[in-house]
Amino acid sequence: MTTVNTAVTAVEQLSTTTLLRFATAGSVDDGKSTLVGRLLHDSKSVLTDQLEAVEHASRNRGQETPDLALLTDGLRAEREQGITIDVAYRYFATTRRRFILADTPGHVQYTRNMVTGASTAELAVVLVDARNGVVEQTRRHAAVAALLRVPHVVLAVNKMDLVDYAEPVFAAIATEFTAYASELGVPEITAIPISALAGDNVVEPSAHMDWYGGPTVLEHLETVPVAHDLTACHARFPVQYVIRPQSAEHPDYRGYAGQIAAGAFRVGERVTVLPSGRTSTVEGIDALGQSVDIAWAPQSVTLRLADDIDVSRGDLIAPSGDAPAPTQDVEATVCHVADQPLTVGQRVLLKHTTRTVKAIVKEIPSRLTLDDLSQHPAPGQLVANDIGRVVVRTAEPLALDAYADSRRTGSFLLIDPADGTTLAAGMAGQSFATAAATKSVADEEGWDF
């Protein structure tokens with residue numbers, strides 16, 4: 001009976017704690033996987049059989065102590081090469097907070113994976129090797145975090161044990177990174193000196209760095225403010241599926257199913273269907289088989305409208321007084337993630353929420369130079385891992401928000417129509433990159449929308 005009560009108490013505690021999604025990033029061999037392994041191990045979030053498997057694998061490699069990096073490097077190629085290739089997601093919890101962690105790769109060619117891992121993160125941990133300081137990949141990860149509007153960034157200066165825990169080394173790196181990230185527009189930066197291998201300032205405070213009076217990594221993760229209240233955002237409902245049973249029980253039922261991307265919807269509210277612009281009133285909301293008066297993000301519901309208007313998959317339902325203006329000209333910052341380049345005049349598919357339309361790349365005004373944040377004008381193309389501004393013309397109107405206003409409805413993907421390869425991840429509207437003056441580009445093959 002005591003065991004059952006203890007389990008119930010643990011479940012109750014977890015149900016009342018907040019959730020933090022965070023991602024780790026850094027250059028190759030900066031110690032990301034070791035940090036994650038140390039975090040899981042020292043916070044008692046590793047199962048016994050997992051630890052035994054890591055100890056066994058470490059002995060087979062001739063190591064006397066467990067290699068905690070193996071807790072996250074799950075692919076055989078990762079373990080053989082000692083690097084992270086895929087995004088490794090880990091779920092763990094303390095008594096103060098629940099966590100979803102995305103351990104992302106450090107290699108330049110896997111920057112696309114960092115974009116995936118950080119796209120939903122509220123915090124990013126960027127690792128730096130204390131011996132090497134801020135390098136190009138560090139700047140790239142800071143730029144991606146800023147582009148994706150990650151509100152909190154932690155600079156973890158790792159391997160402090162290899163520089164004799166010297167405060168000047170840490171201070172110089174923290175100053176350089178903070179200046180760079182601040183120029184990108186990162187709102188909050190916290191620098192923490194650590195040794196993931198030895199456990200200094202990861203979960204427990206370090207006895208070797210009495211000059212540091214800030215939080216440990218885990219303490220900061222447990223206490224950083226989490227503000228992801230989607231109900232306070234502009235209400236948006238991308239239609240995923242039209243429900244028409246046409247049965248004897250429901251001969252005239254017509255509902256529009258999907259997940260509320262942001263905000264809340266109420267019965268009786270006047271709404272506009274985009275991009276058509278037709279208006280109606282929310283007659284009913286069905287959630288989990290029950291009729292409700294109000295629903296909010298991120299609930300999956302079915303909306304019923306009072307008027308019989310044409311609504312299909314890919315349409316966006318929004319309050320009539322707060323609806324985005326549909327457009328066919330999309331100006332955005334993109335992270336190019338494909339091996340083949342993105343070029344001016346290229347035909348693409350643009351996927352925004354549940355809507356996919358044909359589009360053409362009209363212009364690439366600039367490419368970001370990560371060293372000094374300068375803009376290289378009119379590069380003509382973007383190659384793998386480039387960050388740049390694009391102007392895209394779509395065949396049909398889209399109801400996009402600015403990414404600064406909504407990460408859910410301000411983001412999109414550019415896709416190769418030939419094979420479905422994702423070419424770029426886009427953030428609509430302005431970012432830290434300065435948009436150059438637009439210039440029209442003629443399309444010789446008739447895709448000029």
# chains A, B, ... in the order shown; residues from 1 in each chain; ligands from 1
$ residues_around --residues "A:Tyr256" --least-positions-apart "4" --cutoff "10 Å" --atoms "only C-alpha atoms" --output "PDB file with C-alpha atoms, in the first residue's frame"
ATOM      1  CA  PHE A 237      -7.072  27.097 -36.463  1.00  0.00           C
ATOM      2  CA  PRO A 238      -5.566  25.309 -39.506  1.00  0.00           C
ATOM      3  CA  VAL A 239      -8.157  22.941 -40.956  1.00  0.00           C
ATOM      4  CA  GLN A 240      -6.755  19.428 -41.226  1.00  0.00           C
ATOM      5  CA  TYR A 241      -9.829  17.397 -42.190  1.00  0.00           C
ATOM      6  CA  VAL A 242     -13.459  17.979 -43.163  1.00  0.00           C
ATOM      7  CA  ILE A 243     -15.864  15.604 -41.386  1.00  0.00           C
ATOM      8  CA  ARG A 244     -19.036  14.707 -43.307  1.00  0.00           C
ATOM      9  CA  ILE A 285     -17.147  23.005 -30.797  1.00  0.00           C
ATOM     10  CA  ASP A 286     -16.725  19.247 -30.367  1.00  0.00           C
ATOM     11  CA  VAL A 301     -11.150  19.805 -31.817  1.00  0.00           C
ATOM     12  CA  THR A 302     -13.840  20.009 -34.476  1.00  0.00           C
ATOM     13  CA  LEU A 303     -15.373  23.400 -35.237  1.00  0.00           C
ATOM     14  CA  ARG A 304     -18.913  23.674 -36.632  1.00  0.00           C
ATOM     15  CA  LEU A 305     -19.883  26.874 -38.438  1.00  0.00           C
ATOM     16  CA  VAL A 311     -13.964  25.180 -46.234  1.00  0.00           C
ATOM     17  CA  SER A 312     -11.314  22.564 -47.036  1.00  0.00           C
ATOM     18  CA  ARG A 313      -8.032  21.174 -45.745  1.00  0.00           C
ATOM     19  CA  ASP A 315      -7.731  26.726 -44.900  1.00  0.00           C
ATOM     20  CA  ILE A 317      -9.941  29.886 -39.435  1.00  0.00           C
TER      21      ILE A 317
END
$ residues_around --residues "A:Val224" --least-positions-apart "5" --cutoff "12 Å" --atoms "only C-alpha atoms" --output "list in words"
Thr18, Leu19, Leu20, Arg21, Phe22, Arg96, Arg97, Glu122, Leu123, Ala124, Pro151, His152, Val153, Val154, Glu188, Ile189, Thr190, Pro215, Thr216, Val217, Leu218 and Glu219 of chain A
$ write_last_selection --atoms "N, CA, C and O atoms" --output "mmCIF file, in the first residue's frame"
data_model
loop_
_atom_site.group_PDB
_atom_site.id
_atom_site.type_symbol
_atom_site.label_atom_id
_atom_site.label_comp_id
_atom_site.auth_asym_id
_atom_site.auth_seq_id
_atom_site.Cartn_x
_atom_site.Cartn_y
_atom_site.Cartn_z
ATOM 1 N N THR A 18 5.859 22.263 -14.286
ATOM 2 C CA THR A 18 5.853 22.801 -15.635
ATOM 3 C C THR A 18 6.758 21.977 -16.542
ATOM 4 O O THR A 18 7.584 21.185 -16.083
ATOM 5 N N LEU A 19 6.599 22.171 -17.836
ATOM 6 C CA LEU A 19 7.391 21.447 -18.837
ATOM 7 C C LEU A 19 8.317 22.420 -19.538
ATOM 8 O O LEU A 19 7.899 23.489 -19.981
ATOM 9 N N LEU A 20 9.591 22.046 -19.648
ATOM 10 C CA LEU A 20 10.578 22.836 -20.387
ATOM 11 C C LEU A 20 11.133 22.006 -21.532
ATOM 12 O O LEU A 20 11.655 20.913 -21.326
ATOM 13 N N ARG A 21 11.015 22.525 -22.730
ATOM 14 C CA ARG A 21 11.646 21.908 -23.900
ATOM 15 C C ARG A 21 12.950 22.648 -24.160
ATOM 16 O O ARG A 21 12.945 23.867 -24.314
ATOM 17 N N PHE A 22 14.057 21.915 -24.193
ATOM 18 C CA PHE A 22 15.328 22.581 -24.473
ATOM 19 C C PHE A 22 16.197 21.723 -25.371
ATOM 20 O O PHE A 22 15.997 20.510 -25.498
ATOM 21 N N ARG A 96 10.833 19.482 -9.473
ATOM 22 C CA ARG A 96 10.489 20.872 -9.758
ATOM 23 C C ARG A 96 9.993 21.089 -11.184
ATOM 24 O O ARG A 96 9.292 22.058 -11.451
ATOM 25 N N ARG A 97 10.369 20.200 -12.124
ATOM 26 C CA ARG A 97 10.007 20.444 -13.520
ATOM 27 C C ARG A 97 10.189 19.182 -14.349
ATOM 28 O O ARG A 97 11.011 18.321 -14.031
ATOM 29 N N GLU A 122 12.279 26.117 -25.838
ATOM 30 C CA GLU A 122 12.186 27.384 -25.114
ATOM 31 C C GLU A 122 13.540 27.804 -24.564
ATOM 32 O O GLU A 122 13.703 28.926 -24.091
ATOM 33 N N LEU A 123 14.515 26.896 -24.649
ATOM 34 C CA LEU A 123 15.862 27.200 -24.170
ATOM 35 C C LEU A 123 16.860 26.392 -24.984
ATOM 36 O O LEU A 123 16.589 25.253 -25.355
ATOM 37 N N ALA A 124 18.005 26.999 -25.266
ATOM 38 C CA ALA A 124 19.075 26.298 -25.966
ATOM 39 C C ALA A 124 20.346 26.365 -25.131
ATOM 40 O O ALA A 124 20.708 27.438 -24.636
ATOM 41 N N PRO A 151 13.826 31.870 -26.574
ATOM 42 C CA PRO A 151 13.913 33.009 -25.649
ATOM 43 C C PRO A 151 15.066 32.960 -24.652
ATOM 44 O O PRO A 151 15.486 33.994 -24.146
ATOM 45 N N HIS A 152 15.589 31.777 -24.352
ATOM 46 C CA HIS A 152 16.660 31.654 -23.355
ATOM 47 C C HIS A 152 17.824 30.865 -23.948
ATOM 48 O O HIS A 152 17.618 29.796 -24.530
ATOM 49 N N VAL A 153 19.035 31.373 -23.806
ATOM 50 C CA VAL A 153 20.237 30.679 -24.262
ATOM 51 C C VAL A 153 21.204 30.550 -23.099
ATOM 52 O O VAL A 153 21.477 31.539 -22.398
ATOM 53 N N VAL A 154 21.704 29.338 -22.890
ATOM 54 C CA VAL A 154 22.721 29.076 -21.869
ATOM 55 C C VAL A 154 24.040 28.800 -22.574
ATOM 56 O O VAL A 154 24.113 27.921 -23.432
ATOM 57 N N GLU A 188 17.928 36.703 -23.599
ATOM 58 C CA GLU A 188 18.532 36.341 -22.313
ATOM 59 C C GLU A 188 19.657 35.336 -22.518
ATOM 60 O O GLU A 188 19.461 34.296 -23.154
ATOM 61 N N ILE A 189 20.819 35.629 -21.966
ATOM 62 C CA ILE A 189 21.996 34.762 -22.098
ATOM 63 C C ILE A 189 22.561 34.524 -20.707
ATOM 64 O O ILE A 189 22.829 35.466 -19.961
ATOM 65 N N THR A 190 22.745 33.254 -20.354
ATOM 66 C CA THR A 190 23.320 32.873 -19.062
ATOM 67 C C THR A 190 24.556 32.031 -19.304
ATOM 68 O O THR A 190 24.485 31.003 -19.987
ATOM 69 N N PRO A 215 24.065 29.752 -10.826
ATOM 70 C CA PRO A 215 23.411 28.453 -10.703
ATOM 71 C C PRO A 215 24.154 27.357 -11.468
ATOM 72 O O PRO A 215 24.937 27.637 -12.378
ATOM 73 N N THR A 216 23.897 26.106 -11.097
ATOM 74 C CA THR A 216 24.347 24.981 -11.910
ATOM 75 C C THR A 216 23.441 24.892 -13.134
ATOM 76 O O THR A 216 22.414 25.578 -13.227
ATOM 77 N N VAL A 217 23.812 24.026 -14.072
ATOM 78 C CA VAL A 217 22.988 23.869 -15.274
ATOM 79 C C VAL A 217 21.588 23.401 -14.899
ATOM 80 O O VAL A 217 20.586 23.969 -15.354
ATOM 81 N N LEU A 218 21.488 22.360 -14.058
ATOM 82 C CA LEU A 218 20.174 21.838 -13.692
ATOM 83 C C LEU A 218 19.369 22.867 -12.908
ATOM 84 O O LEU A 218 18.157 23.012 -13.131
ATOM 85 N N GLU A 219 20.012 23.587 -12.007
ATOM 86 C CA GLU A 219 19.295 24.600 -11.236
ATOM 87 C C GLU A 219 18.707 25.665 -12.147
ATOM 88 O O GLU A 219 17.562 26.109 -11.961
#
$ residues_around --residues "A:Ala295" --least-positions-apart "5" --cutoff "9 Å" --atoms "only C-alpha atoms" --output "PDB file with all heavy atoms, in the first residue's frame"
ATOM      1  N   ILE A 260      -5.825  23.400 -32.682  1.00  0.00           N
ATOM      2  CA  ILE A 260      -5.733  24.847 -32.527  1.00  0.00           C
ATOM      3  C   ILE A 260      -4.266  25.215 -32.377  1.00  0.00           C
ATOM      4  O   ILE A 260      -3.590  24.773 -31.444  1.00  0.00           O
ATOM      5  CB  ILE A 260      -6.554  25.322 -31.320  1.00  0.00           C
ATOM      6  CG1 ILE A 260      -8.027  24.945 -31.491  1.00  0.00           C
ATOM      7  CG2 ILE A 260      -6.425  26.837 -31.150  1.00  0.00           C
ATOM      8  CD1 ILE A 260      -8.895  25.296 -30.293  1.00  0.00           C
ATOM      9  N   GLY A 263      -4.116  30.570 -29.396  1.00  0.00           N
ATOM     10  CA  GLY A 263      -5.300  31.284 -28.967  1.00  0.00           C
ATOM     11  C   GLY A 263      -6.440  30.378 -28.551  1.00  0.00           C
ATOM     12  O   GLY A 263      -6.260  29.187 -28.280  1.00  0.00           O
ATOM     13  N   ALA A 264      -7.650  30.932 -28.510  1.00  0.00           N
ATOM     14  CA  ALA A 264      -8.844  30.201 -28.081  1.00  0.00           C
ATOM     15  C   ALA A 264     -10.015  30.569 -28.973  1.00  0.00           C
ATOM     16  O   ALA A 264     -10.081  31.678 -29.524  1.00  0.00           O
ATOM     17  CB  ALA A 264      -9.163  30.531 -26.620  1.00  0.00           C
ATOM     18  N   PHE A 265     -10.955  29.625 -29.137  1.00  0.00           N
ATOM     19  CA  PHE A 265     -12.161  29.834 -29.911  1.00  0.00           C
ATOM     20  C   PHE A 265     -13.373  29.579 -29.025  1.00  0.00           C
ATOM     21  O   PHE A 265     -13.366  28.662 -28.199  1.00  0.00           O
ATOM     22  CB  PHE A 265     -12.196  28.919 -31.136  1.00  0.00           C
ATOM     23  CG  PHE A 265     -11.223  29.315 -32.213  1.00  0.00           C
ATOM     24  CD1 PHE A 265      -9.911  28.877 -32.172  1.00  0.00           C
ATOM     25  CD2 PHE A 265     -11.614  30.137 -33.259  1.00  0.00           C
ATOM     26  CE1 PHE A 265      -9.005  29.256 -33.151  1.00  0.00           C
ATOM     27  CE2 PHE A 265     -10.715  30.518 -34.242  1.00  0.00           C
ATOM     28  CZ  PHE A 265      -9.407  30.085 -34.187  1.00  0.00           C
ATOM     29  N   ARG A 266     -14.441  30.381 -29.228  1.00  0.00           N
ATOM     30  CA  ARG A 266     -15.644  30.291 -28.409  1.00  0.00           C
ATOM     31  C   ARG A 266     -16.864  30.155 -29.295  1.00  0.00           C
ATOM     32  O   ARG A 266     -16.917  30.707 -30.412  1.00  0.00           O
ATOM     33  CB  ARG A 266     -15.793  31.552 -27.535  1.00  0.00           C
ATOM     34  CG  ARG A 266     -14.678  31.739 -26.530  1.00  0.00           C
ATOM     35  CD  ARG A 266     -14.708  33.115 -25.900  1.00  0.00           C
ATOM     36  NE  ARG A 266     -13.689  33.277 -24.866  1.00  0.00           N
ATOM     37  CZ  ARG A 266     -12.414  33.535 -25.110  1.00  0.00           C
ATOM     38  NH1 ARG A 266     -12.008  33.670 -26.367  1.00  0.00           N
ATOM     39  NH2 ARG A 266     -11.541  33.655 -24.121  1.00  0.00           N
ATOM     40  N   ILE A 285     -18.508  23.542 -30.907  1.00  0.00           N
ATOM     41  CA  ILE A 285     -17.147  23.005 -30.797  1.00  0.00           C
ATOM     42  C   ILE A 285     -17.251  21.620 -30.181  1.00  0.00           C
ATOM     43  O   ILE A 285     -17.820  21.459 -29.092  1.00  0.00           O
ATOM     44  CB  ILE A 285     -16.248  23.902 -29.924  1.00  0.00           C
ATOM     45  CG1 ILE A 285     -16.193  25.329 -30.485  1.00  0.00           C
ATOM     46  CG2 ILE A 285     -14.841  23.319 -29.833  1.00  0.00           C
ATOM     47  CD1 ILE A 285     -15.430  26.299 -29.598  1.00  0.00           C
ATOM     48  N   ASP A 286     -16.721  20.620 -30.872  1.00  0.00           N
ATOM     49  CA  ASP A 286     -16.725  19.247 -30.367  1.00  0.00           C
ATOM     50  C   ASP A 286     -15.308  18.852 -29.975  1.00  0.00           C
ATOM     51  O   ASP A 286     -14.373  18.965 -30.775  1.00  0.00           O
ATOM     52  CB  ASP A 286     -17.248  18.277 -31.431  1.00  0.00           C
ATOM     53  CG  ASP A 286     -18.678  18.599 -31.849  1.00  0.00           C
ATOM     54  OD1 ASP A 286     -19.433  19.084 -30.981  1.00  0.00           O
ATOM     55  OD2 ASP A 286     -19.027  18.377 -33.029  1.00  0.00           O
ATOM     56  N   ALA A 287     -15.158  18.403 -28.727  1.00  0.00           N
ATOM     57  CA  ALA A 287     -13.853  17.976 -28.221  1.00  0.00           C
ATOM     58  C   ALA A 287     -14.027  16.671 -27.471  1.00  0.00           C
ATOM     59  O   ALA A 287     -14.821  16.588 -26.526  1.00  0.00           O
ATOM     60  CB  ALA A 287     -13.257  19.039 -27.298  1.00  0.00           C
ATOM     61  N   SER A 300      -6.995  19.479 -29.862  1.00  0.00           N
ATOM     62  CA  SER A 300      -7.491  19.013 -31.155  1.00  0.00           C
ATOM     63  C   SER A 300      -9.009  18.933 -31.059  1.00  0.00           C
ATOM     64  O   SER A 300      -9.549  18.218 -30.205  1.00  0.00           O
ATOM     65  CB  SER A 300      -6.899  17.643 -31.497  1.00  0.00           C
ATOM     66  OG  SER A 300      -5.504  17.743 -31.706  1.00  0.00           O
ATOM     67  N   VAL A 301      -9.698  19.676 -31.907  1.00  0.00           N
ATOM     68  CA  VAL A 301     -11.150  19.805 -31.817  1.00  0.00           C
ATOM     69  C   VAL A 301     -11.761  19.800 -33.211  1.00  0.00           C
ATOM     70  O   VAL A 301     -11.057  19.780 -34.229  1.00  0.00           O
ATOM     71  CB  VAL A 301     -11.554  21.113 -31.089  1.00  0.00           C
ATOM     72  CG1 VAL A 301     -11.001  21.138 -29.667  1.00  0.00           C
ATOM     73  CG2 VAL A 301     -11.077  22.336 -31.865  1.00  0.00           C
TER      74      VAL A 301
END
$ closest_residue --among "A:Ser411, A:Thr178, A:Ser43, A:Thr279" --to "A:Val134" --atoms "only C-alpha atoms"
A:Thr178
$ select_by_dssp --residues "stretch 230-362 of chain A" --states "strand (DSSP E or B)" --output "number ranges by chain"
A: 236-238, 241-243, 255-259, 262, 264-266, 270-274, 278-287, 290-292, 294-296, 300-305, 316-319, 327-336, 342-343, 347-352, 355-362
$ residues_around --residues "stretch 380-384 of chain A" --least-positions-apart "3" --cutoff "9 Å" --atoms "only C-alpha atoms" --output "VMD selection string"
chain A and resid 109 111 to 112 335 to 344 363 to 367 377 387 to 388 423
$ select_by_dssp --residues "stretch 214-243 of chain A" --states "alpha helix (DSSP H)" --output "JSON, numbers by chain"
{"A": [217, 218, 219, 220, 221, 222, 223]}
$ residues_around --residues "A:Ile192" --least-positions-apart "2" --cutoff "12 Å" --atoms "only C-alpha atoms" --output "PDB file with N, CA and C atoms, in the first residue's frame"
ATOM      1  N   VAL A 125      20.986  25.214 -24.967  1.00  0.00           N
ATOM      2  CA  VAL A 125      22.276  25.142 -24.282  1.00  0.00           C
ATOM      3  C   VAL A 125      23.354  25.036 -25.359  1.00  0.00           C
ATOM      4  N   VAL A 126      24.165  26.072 -25.501  1.00  0.00           N
ATOM      5  CA  VAL A 126      25.245  26.081 -26.491  1.00  0.00           C
ATOM      6  C   VAL A 126      26.554  25.820 -25.765  1.00  0.00           C
ATOM      7  N   LEU A 127      27.213  24.715 -26.116  1.00  0.00           N
ATOM      8  CA  LEU A 127      28.474  24.354 -25.478  1.00  0.00           C
ATOM      9  C   LEU A 127      29.657  24.943 -26.217  1.00  0.00           C
ATOM     10  N   VAL A 128      30.665  25.313 -25.454  1.00  0.00           N
ATOM     11  CA  VAL A 128      31.932  25.808 -25.999  1.00  0.00           C
ATOM     12  C   VAL A 128      33.061  25.114 -25.263  1.00  0.00           C
ATOM     13  N   ALA A 130      36.383  25.168 -23.563  1.00  0.00           N
ATOM     14  CA  ALA A 130      37.133  26.267 -22.938  1.00  0.00           C
ATOM     15  C   ALA A 130      38.490  26.468 -23.593  1.00  0.00           C
ATOM     16  N   VAL A 153      19.035  31.373 -23.806  1.00  0.00           N
ATOM     17  CA  VAL A 153      20.237  30.679 -24.262  1.00  0.00           C
ATOM     18  C   VAL A 153      21.204  30.550 -23.099  1.00  0.00           C
ATOM     19  N   VAL A 154      21.704  29.338 -22.890  1.00  0.00           N
ATOM     20  CA  VAL A 154      22.721  29.076 -21.869  1.00  0.00           C
ATOM     21  C   VAL A 154      24.040  28.800 -22.574  1.00  0.00           C
ATOM     22  N   LEU A 155      25.062  29.568 -22.238  1.00  0.00           N
ATOM     23  CA  LEU A 155      26.405  29.291 -22.727  1.00  0.00           C
ATOM     24  C   LEU A 155      27.097  28.413 -21.692  1.00  0.00           C
ATOM     25  N   ALA A 156      27.334  27.160 -22.037  1.00  0.00           N
ATOM     26  CA  ALA A 156      28.017  26.239 -21.129  1.00  0.00           C
ATOM     27  C   ALA A 156      29.465  26.124 -21.578  1.00  0.00           C
ATOM     28  N   VAL A 157      30.358  26.761 -20.845  1.00  0.00           N
ATOM     29  CA  VAL A 157      31.787  26.699 -21.163  1.00  0.00           C
ATOM     30  C   VAL A 157      32.333  25.424 -20.544  1.00  0.00           C
ATOM     31  N   ASN A 158      32.513  24.413 -21.392  1.00  0.00           N
ATOM     32  CA  ASN A 158      32.851  23.069 -20.928  1.00  0.00           C
ATOM     33  C   ASN A 158      34.371  22.840 -20.880  1.00  0.00           C
ATOM     34  N   LYS A 159      34.744  21.761 -20.240  1.00  0.00           N
ATOM     35  CA  LYS A 159      36.139  21.319 -20.108  1.00  0.00           C
ATOM     36  C   LYS A 159      36.990  22.343 -19.358  1.00  0.00           C
ATOM     37  N   MET A 160      36.362  22.955 -18.355  1.00  0.00           N
ATOM     38  CA  MET A 160      37.101  23.910 -17.522  1.00  0.00           C
ATOM     39  C   MET A 160      38.231  23.212 -16.764  1.00  0.00           C
ATOM     40  N   GLU A 167      39.315  31.414 -14.139  1.00  0.00           N
ATOM     41  CA  GLU A 167      38.221  32.365 -14.310  1.00  0.00           C
ATOM     42  C   GLU A 167      38.428  33.284 -15.511  1.00  0.00           C
ATOM     43  N   PHE A 170      37.135  31.682 -18.739  1.00  0.00           N
ATOM     44  CA  PHE A 170      35.671  31.680 -18.794  1.00  0.00           C
ATOM     45  C   PHE A 170      35.132  33.071 -19.087  1.00  0.00           C
ATOM     46  N   ALA A 171      35.667  34.070 -18.414  1.00  0.00           N
ATOM     47  CA  ALA A 171      35.165  35.435 -18.559  1.00  0.00           C
ATOM     48  C   ALA A 171      35.336  35.942 -19.988  1.00  0.00           C
ATOM     49  N   ILE A 173      35.510  34.166 -22.808  1.00  0.00           N
ATOM     50  CA  ILE A 173      34.576  33.466 -23.703  1.00  0.00           C
ATOM     51  C   ILE A 173      33.160  33.976 -23.495  1.00  0.00           C
ATOM     52  N   ALA A 174      32.761  34.151 -22.240  1.00  0.00           N
ATOM     53  CA  ALA A 174      31.411  34.625 -21.937  1.00  0.00           C
ATOM     54  C   ALA A 174      31.183  36.020 -22.506  1.00  0.00           C
ATOM     55  N   ILE A 189      20.819  35.629 -21.966  1.00  0.00           N
ATOM     56  CA  ILE A 189      21.996  34.762 -22.098  1.00  0.00           C
ATOM     57  C   ILE A 189      22.561  34.524 -20.707  1.00  0.00           C
ATOM     58  N   THR A 190      22.745  33.254 -20.354  1.00  0.00           N
ATOM     59  CA  THR A 190      23.320  32.873 -19.062  1.00  0.00           C
ATOM     60  C   THR A 190      24.556  32.031 -19.304  1.00  0.00           C
ATOM     61  N   ILE A 194      31.547  24.849 -16.696  1.00  0.00           N
ATOM     62  CA  ILE A 194      31.280  23.461 -16.287  1.00  0.00           C
ATOM     63  C   ILE A 194      32.418  22.536 -16.710  1.00  0.00           C
ATOM     64  N   SER A 195      32.388  21.353 -16.128  1.00  0.00           N
ATOM     65  CA  SER A 195      33.150  20.209 -16.629  1.00  0.00           C
ATOM     66  C   SER A 195      32.184  19.035 -16.648  1.00  0.00           C
ATOM     67  N   ALA A 196      31.675  18.711 -17.829  1.00  0.00           N
ATOM     68  CA  ALA A 196      30.691  17.638 -17.933  1.00  0.00           C
ATOM     69  C   ALA A 196      31.290  16.300 -17.531  1.00  0.00           C
ATOM     70  N   ASP A 200      31.362  19.069 -12.698  1.00  0.00           N
ATOM     71  CA  ASP A 200      31.391  20.408 -12.097  1.00  0.00           C
ATOM     72  C   ASP A 200      30.271  21.288 -12.641  1.00  0.00           C
ATOM     73  N   ASN A 201      29.436  21.811 -11.753  1.00  0.00           N
ATOM     74  CA  ASN A 201      28.375  22.777 -12.063  1.00  0.00           C
ATOM     75  C   ASN A 201      27.337  22.255 -13.045  1.00  0.00           C
ATOM     76  N   VAL A 202      27.223  20.935 -13.161  1.00  0.00           N
ATOM     77  CA  VAL A 202      26.163  20.370 -13.995  1.00  0.00           C
ATOM     78  C   VAL A 202      24.907  20.173 -13.151  1.00  0.00           C
ATOM     79  N   VAL A 203      25.013  19.309 -12.150  1.00  0.00           N
ATOM     80  CA  VAL A 203      23.927  19.128 -11.182  1.00  0.00           C
ATOM     81  C   VAL A 203      24.348  19.656  -9.819  1.00  0.00           C
ATOM     82  N   PRO A 205      27.177  21.937  -7.440  1.00  0.00           N
ATOM     83  CA  PRO A 205      28.150  23.038  -7.549  1.00  0.00           C
ATOM     84  C   PRO A 205      29.579  22.508  -7.511  1.00  0.00           C
ATOM     85  N   SER A 206      30.471  23.208  -8.219  1.00  0.00           N
ATOM     86  CA  SER A 206      31.867  22.785  -8.304  1.00  0.00           C
ATOM     87  C   SER A 206      32.665  23.275  -7.103  1.00  0.00           C
ATOM     88  N   MET A 209      35.630  25.832  -8.508  1.00  0.00           N
ATOM     89  CA  MET A 209      35.380  27.173  -9.055  1.00  0.00           C
ATOM     90  C   MET A 209      34.600  28.007  -8.046  1.00  0.00           C
ATOM     91  N   TRP A 211      35.022  30.934  -7.407  1.00  0.00           N
ATOM     92  CA  TRP A 211      34.836  32.281  -7.934  1.00  0.00           C
ATOM     93  C   TRP A 211      33.516  32.434  -8.673  1.00  0.00           C
ATOM     94  N   TYR A 212      32.840  31.314  -8.971  1.00  0.00           N
ATOM     95  CA  TYR A 212      31.558  31.370  -9.683  1.00  0.00           C
ATOM     96  C   TYR A 212      30.422  31.254  -8.676  1.00  0.00           C
ATOM     97  N   GLY A 213      29.513  32.209  -8.685  1.00  0.00           N
ATOM     98  CA  GLY A 213      28.421  32.200  -7.720  1.00  0.00           C
ATOM     99  C   GLY A 213      27.052  32.003  -8.330  1.00  0.00           C
ATOM    100  N   GLY A 214      27.002  31.634  -9.603  1.00  0.00           N
ATOM    101  CA  GLY A 214      25.718  31.454 -10.285  1.00  0.00           C
ATOM    102  C   GLY A 214      25.150  30.056 -10.118  1.00  0.00           C
ATOM    103  N   PRO A 215      24.065  29.752 -10.826  1.00  0.00           N
ATOM    104  CA  PRO A 215      23.411  28.453 -10.703  1.00  0.00           C
ATOM    105  C   PRO A 215      24.154  27.357 -11.468  1.00  0.00           C
ATOM    106  N   THR A 216      23.897  26.106 -11.097  1.00  0.00           N
ATOM    107  CA  THR A 216      24.347  24.981 -11.910  1.00  0.00           C
ATOM    108  C   THR A 216      23.441  24.892 -13.134  1.00  0.00           C
ATOM    109  N   VAL A 217      23.812  24.026 -14.072  1.00  0.00           N
ATOM    110  CA  VAL A 217      22.988  23.869 -15.274  1.00  0.00           C
ATOM    111  C   VAL A 217      21.588  23.401 -14.899  1.00  0.00           C
ATOM    112  N   LEU A 218      21.488  22.360 -14.058  1.00  0.00           N
ATOM    113  CA  LEU A 218      20.174  21.838 -13.692  1.00  0.00           C
ATOM    114  C   LEU A 218      19.369  22.867 -12.908  1.00  0.00           C
ATOM    115  N   GLU A 219      20.012  23.587 -12.007  1.00  0.00           N
ATOM    116  CA  GLU A 219      19.295  24.600 -11.236  1.00  0.00           C
ATOM    117  C   GLU A 219      18.707  25.665 -12.147  1.00  0.00           C
ATOM    118  N   HIS A 220      19.474  26.062 -13.154  1.00  0.00           N
ATOM    119  CA  HIS A 220      18.966  27.068 -14.091  1.00  0.00           C
ATOM    120  C   HIS A 220      17.807  26.499 -14.902  1.00  0.00           C
ATOM    121  N   LEU A 221      17.939  25.249 -15.353  1.00  0.00           N
ATOM    122  CA  LEU A 221      16.860  24.619 -16.117  1.00  0.00           C
ATOM    123  C   LEU A 221      15.582  24.507 -15.292  1.00  0.00           C
TER     124      LEU A 221
END
$ closest_residue --among "A:Leu368, A:Val135, A:Ala257, A:Ala145" --to "A:Gly117" --atoms "only C-alpha atoms"
A:Ala145
$ closest_residue --among "A:Leu101, A:Leu398, A:Asn385, A:Gln328" --to "A:Gly277" --atoms "only C-alpha atoms"
A:Leu398
$ closest_residue --among "A:Ala323, A:Val361, A:Val28, A:Ala172" --to "A:Ala424" --atoms "only C-alpha atoms"
A:Val361
$ decode --residues "stretch 284-288 of chain A" --atoms "C-alpha atoms" --output "short mmCIF file (atom, residue, chain, number, x, y, z; two decimals), in the first residue's frame"
data_model
loop_
_atom_site.label_atom_id
_atom_site.label_comp_id
_atom_site.auth_asym_id
_atom_site.auth_seq_id
_atom_site.Cartn_x
_atom_site.Cartn_y
_atom_site.Cartn_z
CA GLY A 284 -20.43 24.50 -31.99
CA ILE A 285 -17.15 23.01 -30.80
CA ASP A 286 -16.72 19.25 -30.37
CA ALA A 287 -13.85 17.98 -28.22
CA LEU A 288 -13.38 14.31 -27.27
#
